[in-house]
Every structure is written in structure tokens, then in C-alpha cells.
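Only one structure is covered here, and it is reproduced in the block below.
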Amino acid sequence: MSFVESFLVVVLLAAGVLADEAKEPTGIKYDKFVVSPGSEKYVKYEVNSEQVNETAFKMSMVMDQLEDFDNQYEIQMAVYYSEKNDGNYEEIFATPKEMFCDYMNGEIYKEHIYPQYKDISNFPPPGECPVKKGQYKLEEHVFNVGDLKALGKPGGWRIDNSLYKGGALATETQMFFTVY
């Protein structure tokens, strides 16, 4: 699963955590996409992003997956927030680690991620596991402030997607953006 795939799903899941504090944001700014050292043994990422205007940015991604992903792997997603956008983040929400094939058969992928991206990607359908090594692409997708109204709090945000093999971190991506 790519970072971009899970972006909106994690935002929607975090919305329940933040519902009491929500106030409507007026803008969003893409900051950066970071890939952990050593990730290139498992996945190589090419991410293109562009700020469209004050309320939207667009992204596309090509992932070269270098191994088959199966239940030797576990996946986890987390959302972090920094009120001052100074790099000091607190965890807002995290999914538990889940075996990769269980994830591919589970509600998040089947009900949220795959339906959203099936027409603009070549992501495998739910239930396909192992996910064979190969190139996976996500065509340009626009993220706008309307997608993020649930976050509500202005400040810095970070969304992490982590993939573990044998309990050790294999690859992690982090996307940073600012809501105002």
C-alpha cells in the first residue's frame, strides 16, 4: 500500500479522535515526503507533488516494489500533530500493526482505499495476497482542504506508513503538510 493510498483513510480515521476539537481549516500546504533509509531494499518511490493553490496540492507516485509482500510483513499507519509546526509532534492516532495479507483482506483496504484509487492506479484488488513485486502507479490525485476538514486544528501534520519484516522496520514513509 502506498502512502498516498492511505492518506485520506488515515485522515478519516483520525477525524473521530479529533471531532470534539474540530474547527474548519481554510488552507493546506504540502511540505515534504520522506522515505526512511534502507527502504530502497524493499520499495523505491518516485513522488511528484505540486501546490495547486492555497487550498489544494496534487500528488502522483510510482512505487517499484522489489519483493512480494505477504504475511512476512506487517503494516501500521499513524497520524501526528504539531501545534506550532516546529517538528515536535504528538501522536493523535495509530492503527495496530496488522499482517499484510490480513490488511489486504481487511476493511480499511477493501472499503476505503481500493474504491477511492482503483480508477487512477494499478493497485491490486482486495484479497490479492501476496502482492507481487512490480511497479505500482498512482496517477495525479488532488488533495484539497475540504478533504481535511475533519482535522480542524491548524498546525503541522505528519502521516507515517510503516512496513515491518520479522518485527524490524523495513520501510517507512512520512508525509508532512500544514493546515491553516
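Within each chain, counting starts at residue 1; across the C-alpha cells, chains are named A, B, ... in the order shown, with ligands numbered 1 upward in that order.
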
Shell of 7 Å around segment 75-89 of chain A, only C-alpha atoms, local chain residues under 5 positions omitted, as a ChimeraX atom specification: /A:94-100,154-164

Who sits within 10 Å of Tyr103 of chain A, only C-alpha atoms, same chain under 2 positions skipped, as a list of chain:residue names: A:Met1, A:Asp70, A:Asn71, A:Glu74, A:Ile75, A:Gln76, A:Lys97, A:Glu98, A:Met99, A:Phe100, A:Cys101, A:Asn105, A:Gly106, A:Glu107, A:Ile108, A:Tyr109, A:Lys110, A:Pro126, A:Gly127, A:Cys129

Pull the alpha helix (DSSP H) assignments for chain A out of DSSP run on the backbone, and list those residues as an NGL selection string. :A and (3-18 or 100-105 or 107 or 114-117)

With only C-alpha atoms as the counted atoms, please give the residues lying no more than 9 Å from Gln135 of chain A, apart from itself and same-chain residues fewer than 2 positions off, as a PyMOL selection string. chain A and resi 62-66+122+133+137

If you run DSSP over the backbone, which residues in segment 20-104 of chain A end up strand (DSSP E or B)? Put them as a count of residues only. 47

Contacts of segment 26-36 of chain A at 6 Å (only C-alpha atoms; same-chain gap of 5+ positions) as a list in words: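 Skipping anything fewer than 5 positions along the chain leaves Glu54, Thr55, Val145, Glu172, Thr173, Gln174, Met175, Phe176, Phe177, Thr178, Val179 and Tyr180 of chain A.
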
Pick from A:Met61, A:Met104, A:Leu138, A:Ala56: nearest to Ile120 of chain A, with only C-alpha atoms counted? A:Leu138
